[in-house]
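Below is the file protein-v2.cif, which contains mmCIF, N, CA and C atoms.
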data_final
#
loop_
_atom_site.group_PDB
_atom_site.id
_atom_site.type_symbol
_atom_site.label_atom_id
_atom_site.label_comp_id
_atom_site.auth_asym_id
_atom_site.auth_seq_id
_atom_site.Cartn_x
_atom_site.Cartn_y
_atom_site.Cartn_z
ATOM 1 N N MET A 155 23.489 58.334 16.803
ATOM 2 C CA MET A 155 24.489 59.091 16.075
ATOM 3 C C MET A 155 25.557 59.642 17.026
ATOM 4 N N LYS A 156 25.124 60.122 18.188
ATOM 5 C CA LYS A 156 26.086 60.658 19.153
ATOM 6 C C LYS A 156 27.031 59.570 19.645
ATOM 7 N N SER A 157 26.517 58.365 19.813
ATOM 8 C CA SER A 157 27.376 57.278 20.311
ATOM 9 C C SER A 157 28.450 56.915 19.290
ATOM 10 N N ILE A 158 28.130 56.970 18.008
ATOM 11 C CA ILE A 158 29.117 56.673 16.969
ATOM 12 C C ILE A 158 30.200 57.745 16.955
ATOM 13 N N LEU A 159 29.794 58.992 17.061
ATOM 14 C CA LEU A 159 30.750 60.093 17.087
ATOM 15 C C LEU A 159 31.647 59.987 18.314
ATOM 16 N N THR A 160 31.065 59.650 19.445
ATOM 17 C CA THR A 160 31.838 59.493 20.674
ATOM 18 C C THR A 160 32.850 58.364 20.526
ATOM 19 N N LEU A 161 32.435 57.258 19.936
ATOM 20 C CA LEU A 161 33.335 56.129 19.720
ATOM 21 C C LEU A 161 34.507 56.516 18.819
ATOM 22 N N ILE A 162 34.231 57.259 17.780
ATOM 23 C CA ILE A 162 35.287 57.701 16.861
ATOM 24 C C ILE A 162 36.273 58.613 17.579
ATOM 25 N N VAL A 163 35.768 59.558 18.346
ATOM 26 C CA VAL A 163 36.638 60.488 19.075
ATOM 27 C C VAL A 163 37.500 59.732 20.082
ATOM 28 N N LEU A 164 36.913 58.800 20.809
ATOM 29 C CA LEU A 164 37.672 58.035 21.795
ATOM 30 C C LEU A 164 38.747 57.184 21.141
ATOM 31 N N SER A 165 38.448 56.614 19.993
ATOM 32 C CA SER A 165 39.460 55.805 19.315
ATOM 33 C C SER A 165 40.617 56.665 18.822
ATOM 34 N N LEU A 166 40.328 57.858 18.356
ATOM 35 C CA LEU A 166 41.390 58.766 17.917
ATOM 36 C C LEU A 166 42.262 59.198 19.078
ATOM 37 N N VAL A 167 41.645 59.484 20.212
ATOM 38 C CA VAL A 167 42.399 59.900 21.398
ATOM 39 C C VAL A 167 43.276 58.755 21.885
ATOM 40 N N SER A 168 42.742 57.547 21.933
ATOM 41 C CA SER A 168 43.541 56.417 22.403
ATOM 42 C C SER A 168 44.681 56.104 21.445
ATOM 43 N N THR A 169 44.474 56.274 20.154
ATOM 44 C CA THR A 169 45.539 56.060 19.173
ATOM 45 C C THR A 169 46.646 57.081 19.369
ATOM 46 N N ALA A 170 46.299 58.329 19.604
ATOM 47 C CA ALA A 170 47.298 59.372 19.827
ATOM 48 C C ALA A 170 48.082 59.097 21.097
ATOM 49 N N ALA A 171 47.416 58.641 22.147
ATOM 50 C CA ALA A 171 48.095 58.335 23.398
ATOM 51 C C ALA A 171 49.056 57.167 23.215
ATOM 52 N N PHE A 172 48.663 56.172 22.429
ATOM 53 C CA PHE A 172 49.505 55.011 22.175
ATOM 54 C C PHE A 172 50.774 55.424 21.424
ATOM 55 N N ALA A 173 50.657 56.321 20.491
ATOM 56 C CA ALA A 173 51.791 56.735 19.659
ATOM 57 C C ALA A 173 52.819 57.541 20.441
ATOM 58 N N THR A 174 52.450 58.103 21.592
ATOM 59 C CA THR A 174 53.393 58.898 22.370
ATOM 60 C C THR A 174 54.207 58.045 23.334
ATOM 61 N N LYS A 175 53.965 56.769 23.353
ATOM 62 C CA LYS A 175 54.668 55.848 24.253
ATOM 63 C C LYS A 175 56.152 55.819 23.898
ATOM 64 N N PRO A 176 57.024 55.725 24.912
ATOM 65 C CA PRO A 176 58.466 55.600 24.634
ATOM 66 C C PRO A 176 58.751 54.337 23.819
ATOM 67 N N CYS A 177 59.666 54.432 22.895
ATOM 68 C CA CYS A 177 59.936 53.340 21.960
ATOM 69 C C CYS A 177 60.420 52.066 22.638
ATOM 70 N N GLU A 178 61.318 52.174 23.584
ATOM 71 C CA GLU A 178 61.840 50.983 24.253
ATOM 72 C C GLU A 178 60.736 50.241 25.000
ATOM 73 N N GLU A 179 59.822 50.993 25.612
ATOM 74 C CA GLU A 179 58.704 50.376 26.326
ATOM 75 C C GLU A 179 57.789 49.623 25.362
ATOM 76 N N LEU A 180 57.453 50.261 24.255
ATOM 77 C CA LEU A 180 56.589 49.628 23.264
ATOM 78 C C LEU A 180 57.275 48.417 22.636
ATOM 79 N N LYS A 181 58.554 48.535 22.344
ATOM 80 C CA LYS A 181 59.306 47.428 21.765
ATOM 81 C C LYS A 181 59.297 46.222 22.708
ATOM 82 N N SER A 182 59.451 46.465 23.999
ATOM 83 C CA SER A 182 59.420 45.384 24.991
ATOM 84 C C SER A 182 58.051 44.715 25.043
ATOM 85 N N GLU A 183 56.989 45.520 24.965
ATOM 86 C CA GLU A 183 55.632 44.971 24.983
ATOM 87 C C GLU A 183 55.365 44.107 23.749
ATOM 88 N N ILE A 184 55.804 44.574 22.599
ATOM 89 C CA ILE A 184 55.609 43.812 21.358
ATOM 90 C C ILE A 184 56.408 42.516 21.418
ATOM 91 N N ALA A 185 57.652 42.585 21.898
ATOM 92 C CA ALA A 185 58.489 41.390 22.002
ATOM 93 C C ALA A 185 57.853 40.370 22.945
ATOM 94 N N ALA A 186 57.283 40.827 24.046
ATOM 95 C CA ALA A 186 56.635 39.921 24.992
ATOM 96 C C ALA A 186 55.445 39.220 24.341
ATOM 97 N N LYS A 187 54.675 39.944 23.548
ATOM 98 C CA LYS A 187 53.529 39.342 22.859
ATOM 99 C C LYS A 187 53.986 38.316 21.825
ATOM 100 N N LEU A 188 55.033 38.642 21.082
ATOM 101 C CA LEU A 188 55.554 37.708 20.084
ATOM 102 C C LEU A 188 56.109 36.450 20.762
ATOM 103 N N ASP A 189 56.830 36.632 21.852
ATOM 104 C CA ASP A 189 57.379 35.497 22.586
ATOM 105 C C ASP A 189 56.264 34.613 23.135
ATOM 106 N N ALA A 190 55.209 35.234 23.646
ATOM 107 C CA ALA A 190 54.081 34.488 24.195
ATOM 108 C C ALA A 190 53.387 33.645 23.123
ATOM 109 N N LYS A 191 53.435 34.107 21.885
ATOM 110 C CA LYS A 191 52.825 33.357 20.778
ATOM 111 C C LYS A 191 53.784 32.323 20.199
ATOM 112 N N GLY A 192 54.996 32.264 20.729
ATOM 113 C CA GLY A 192 55.955 31.276 20.272
ATOM 114 C C GLY A 192 56.736 31.672 19.032
ATOM 115 N N VAL A 193 56.741 32.946 18.685
ATOM 116 C CA VAL A 193 57.484 33.416 17.510
ATOM 117 C C VAL A 193 58.975 33.401 17.846
ATOM 118 N N LYS A 194 59.764 32.836 16.963
ATOM 119 C CA LYS A 194 61.223 32.737 17.149
ATOM 120 C C LYS A 194 61.950 33.362 15.968
ATOM 121 N N GLY A 195 63.170 33.799 16.197
ATOM 122 C CA GLY A 195 64.030 34.284 15.133
ATOM 123 C C GLY A 195 63.589 35.582 14.484
ATOM 124 N N TYR A 196 63.107 36.518 15.282
ATOM 125 C CA TYR A 196 62.692 37.812 14.745
ATOM 126 C C TYR A 196 63.595 38.915 15.287
ATOM 127 N N GLU A 197 63.533 40.066 14.633
ATOM 128 C CA GLU A 197 64.299 41.223 15.073
ATOM 129 C C GLU A 197 63.388 42.447 15.038
ATOM 130 N N LEU A 198 63.338 43.168 16.145
ATOM 131 C CA LEU A 198 62.601 44.431 16.215
ATOM 132 C C LEU A 198 63.617 45.560 16.234
ATOM 133 N N THR A 199 63.386 46.556 15.403
ATOM 134 C CA THR A 199 64.306 47.680 15.297
ATOM 135 C C THR A 199 63.543 48.989 15.383
ATOM 136 N N ILE A 200 64.095 49.952 16.099
ATOM 137 C CA ILE A 200 63.506 51.292 16.188
ATOM 138 C C ILE A 200 64.210 52.175 15.162
ATOM 139 N N VAL A 201 63.428 52.760 14.247
ATOM 140 C CA VAL A 201 64.000 53.616 13.204
ATOM 141 C C VAL A 201 63.209 54.913 13.095
ATOM 142 N N PRO A 202 63.876 55.998 12.703
ATOM 143 C CA PRO A 202 63.142 57.232 12.433
ATOM 144 C C PRO A 202 62.127 57.001 11.304
ATOM 145 N N THR A 203 61.000 57.658 11.376
ATOM 146 C CA THR A 203 59.925 57.469 10.406
ATOM 147 C C THR A 203 60.397 57.646 8.965
ATOM 148 N N GLU A 204 61.252 58.613 8.723
ATOM 149 C CA GLU A 204 61.687 58.894 7.354
ATOM 150 C C GLU A 204 62.647 57.836 6.808
ATOM 151 N N GLU A 205 63.138 56.933 7.656
ATOM 152 C CA GLU A 205 64.077 55.903 7.216
ATOM 153 C C GLU A 205 63.445 54.510 7.122
ATOM 154 N N VAL A 206 62.125 54.409 7.230
ATOM 155 C CA VAL A 206 61.454 53.111 7.237
ATOM 156 C C VAL A 206 61.606 52.380 5.909
ATOM 157 N N GLY A 207 61.416 53.060 4.813
ATOM 158 C CA GLY A 207 61.528 52.430 3.496
ATOM 159 C C GLY A 207 60.511 51.327 3.312
ATOM 160 N N ASP A 208 60.959 50.143 2.906
ATOM 161 C CA ASP A 208 60.045 49.028 2.651
ATOM 162 C C ASP A 208 59.990 48.025 3.812
ATOM 163 N N GLN A 209 60.498 48.416 4.975
ATOM 164 C CA GLN A 209 60.464 47.538 6.139
ATOM 165 C C GLN A 209 59.037 47.389 6.659
ATOM 166 N N LYS A 210 58.752 46.272 7.320
ATOM 167 C CA LYS A 210 57.424 46.021 7.873
ATOM 168 C C LYS A 210 57.300 46.746 9.221
ATOM 169 N N VAL A 211 56.404 47.731 9.291
ATOM 170 C CA VAL A 211 56.186 48.517 10.508
ATOM 171 C C VAL A 211 55.123 47.835 11.358
ATOM 172 N N ILE A 212 55.451 47.617 12.646
ATOM 173 C CA ILE A 212 54.474 47.012 13.554
ATOM 174 C C ILE A 212 54.174 47.883 14.752
ATOM 175 N N GLY A 213 54.754 49.089 14.806
ATOM 176 C CA GLY A 213 54.462 49.998 15.907
ATOM 177 C C GLY A 213 54.950 51.398 15.613
ATOM 178 N N SER A 214 54.313 52.354 16.279
ATOM 179 C CA SER A 214 54.688 53.754 16.162
ATOM 180 C C SER A 214 54.864 54.298 17.571
ATOM 181 N N CYS A 215 55.897 55.107 17.775
ATOM 182 C CA CYS A 215 56.171 55.595 19.119
ATOM 183 C C CYS A 215 56.727 57.020 19.075
ATOM 184 N N GLU A 216 56.855 57.588 20.263
ATOM 185 C CA GLU A 216 57.381 58.943 20.434
ATOM 186 C C GLU A 216 56.695 59.949 19.517
ATOM 187 N N GLY A 217 55.365 59.923 19.585
ATOM 188 C CA GLY A 217 54.577 60.881 18.817
ATOM 189 C C GLY A 217 54.602 60.655 17.323
ATOM 190 N N GLY A 218 54.920 59.445 16.902
ATOM 191 C CA GLY A 218 54.960 59.131 15.476
ATOM 192 C C GLY A 218 56.282 59.464 14.816
ATOM 193 N N SER A 219 57.250 59.959 15.589
ATOM 194 C CA SER A 219 58.542 60.320 15.001
ATOM 195 C C SER A 219 59.419 59.106 14.728
ATOM 196 N N LYS A 220 59.096 57.968 15.378
ATOM 197 C CA LYS A 220 59.858 56.741 15.169
ATOM 198 C C LYS A 220 58.898 55.585 14.965
ATOM 199 N N LYS A 221 59.386 54.548 14.300
ATOM 200 C CA LYS A 221 58.594 53.344 14.032
ATOM 201 C C LYS A 221 59.378 52.129 14.524
ATOM 202 N N ILE A 222 58.630 51.089 14.872
ATOM 203 C CA ILE A 222 59.253 49.825 15.239
ATOM 204 C C ILE A 222 59.001 48.876 14.073
ATOM 205 N N THR A 223 60.100 48.340 13.544
ATOM 206 C CA THR A 223 59.992 47.463 12.391
ATOM 207 C C THR A 223 60.282 46.017 12.803
ATOM 208 N N TYR A 224 59.722 45.092 12.021
ATOM 209 C CA TYR A 224 59.831 43.663 12.287
ATOM 210 C C TYR A 224 60.540 42.999 11.127
ATOM 211 N N LYS A 225 61.484 42.119 11.464
ATOM 212 C CA LYS A 225 62.193 41.358 10.440
ATOM 213 C C LYS A 225 62.330 39.930 10.936
ATOM 214 N N LYS A 226 61.976 38.982 10.111
ATOM 215 C CA LYS A 226 62.053 37.558 10.476
ATOM 216 C C LYS A 226 63.398 37.016 10.117
#

Write out the structure in this file as structure tokens.
Amino acid sequence: MKSILTLIVLSLVSTAAFATKPCEELKSEIAAKLDAKGVKGYELTIVPTEEVGDQKVIGSCEGGSKKITYKK
């Protein structure tokens, strides 16, 4: 039981740390992964969280205040 609780806590901490990453850095990392998989003709955009609307979100940055959206 303790190991499950520890795993949950660690995953929450790592998720919070990931979300605080600067947006440009995260956008570059995502673009590199997409390029490595051979994805072509896409657009990544950094938008404030409240302006996301129906766009496809593929990343969260700067403490969750901004999102990175994907458009083919």

- Quick one: apply the PyMOL selection byres (((chain A and resi 223 and name CA) around 8) and name CA) to the file and drop the selected residues here as an NGL selection string. :A and (198-201 or 206 or 209-213 or 221-222 or 224-225)

- Task: Convert the output of the PyMOL selection byres (((chain A and resi 178 and name CA) around 10) and name CA) on the shown file into explicit residues, formatted as number ranges by chain.
- Result: A: 175-177, 179-184, 199-200, 215-216, 222

Those selected residues, please, written with N, CA and C atoms and delivered as a short mmCIF file (atom, residue, chain, number, x, y, z; two decimals), keeping the file's coordinate frame.
data_model
loop_
_atom_site.label_atom_id
_atom_site.label_comp_id
_atom_site.auth_asym_id
_atom_site.auth_seq_id
_atom_site.Cartn_x
_atom_site.Cartn_y
_atom_site.Cartn_z
N LYS A 175 53.96 56.77 23.35
CA LYS A 175 54.67 55.85 24.25
C LYS A 175 56.15 55.82 23.90
N PRO A 176 57.02 55.72 24.91
CA PRO A 176 58.47 55.60 24.63
C PRO A 176 58.75 54.34 23.82
N CYS A 177 59.67 54.43 22.90
CA CYS A 177 59.94 53.34 21.96
C CYS A 177 60.42 52.07 22.64
N GLU A 179 59.82 50.99 25.61
CA GLU A 179 58.70 50.38 26.33
C GLU A 179 57.79 49.62 25.36
N LEU A 180 57.45 50.26 24.26
CA LEU A 180 56.59 49.63 23.26
C LEU A 180 57.28 48.42 22.64
N LYS A 181 58.55 48.54 22.34
CA LYS A 181 59.31 47.43 21.76
C LYS A 181 59.30 46.22 22.71
N SER A 182 59.45 46.46 24.00
CA SER A 182 59.42 45.38 24.99
C SER A 182 58.05 44.72 25.04
N GLU A 183 56.99 45.52 24.96
CA GLU A 183 55.63 44.97 24.98
C GLU A 183 55.36 44.11 23.75
N ILE A 184 55.80 44.57 22.60
CA ILE A 184 55.61 43.81 21.36
C ILE A 184 56.41 42.52 21.42
N THR A 199 63.39 46.56 15.40
CA THR A 199 64.31 47.68 15.30
C THR A 199 63.54 48.99 15.38
N ILE A 200 64.10 49.95 16.10
CA ILE A 200 63.51 51.29 16.19
C ILE A 200 64.21 52.18 15.16
N CYS A 215 55.90 55.11 17.77
CA CYS A 215 56.17 55.60 19.12
C CYS A 215 56.73 57.02 19.08
N GLU A 216 56.86 57.59 20.26
CA GLU A 216 57.38 58.94 20.43
C GLU A 216 56.70 59.95 19.52
N ILE A 222 58.63 51.09 14.87
CA ILE A 222 59.25 49.82 15.24
C ILE A 222 59.00 48.88 14.07
#

- Query: Do you have the CA of Ala190 (chain A)-atom C of Lys226 (chain A) distance handy?
  - Reply: 17.1 Å

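Of the residues in region 171-224 of chain A, those given strand (DSSP E or B) by DSSP on the backbone are Glu197, Leu198, Thr199, Ile200, Val201, Pro202, Lys210, Val211, Ile212, Gly213, Ser214, Cys215, Lys220, Lys221, Ile222, Thr223 and Tyr224 of chain A.
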
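The coordinates place CA of Gly207 (chain A) at 22.6 Å from atom N of Gly195 (chain A).
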
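If you look at CA of Glu204 (chain A) and atom N of Gly218 (chain A), they are 11.7 Å away from each other.
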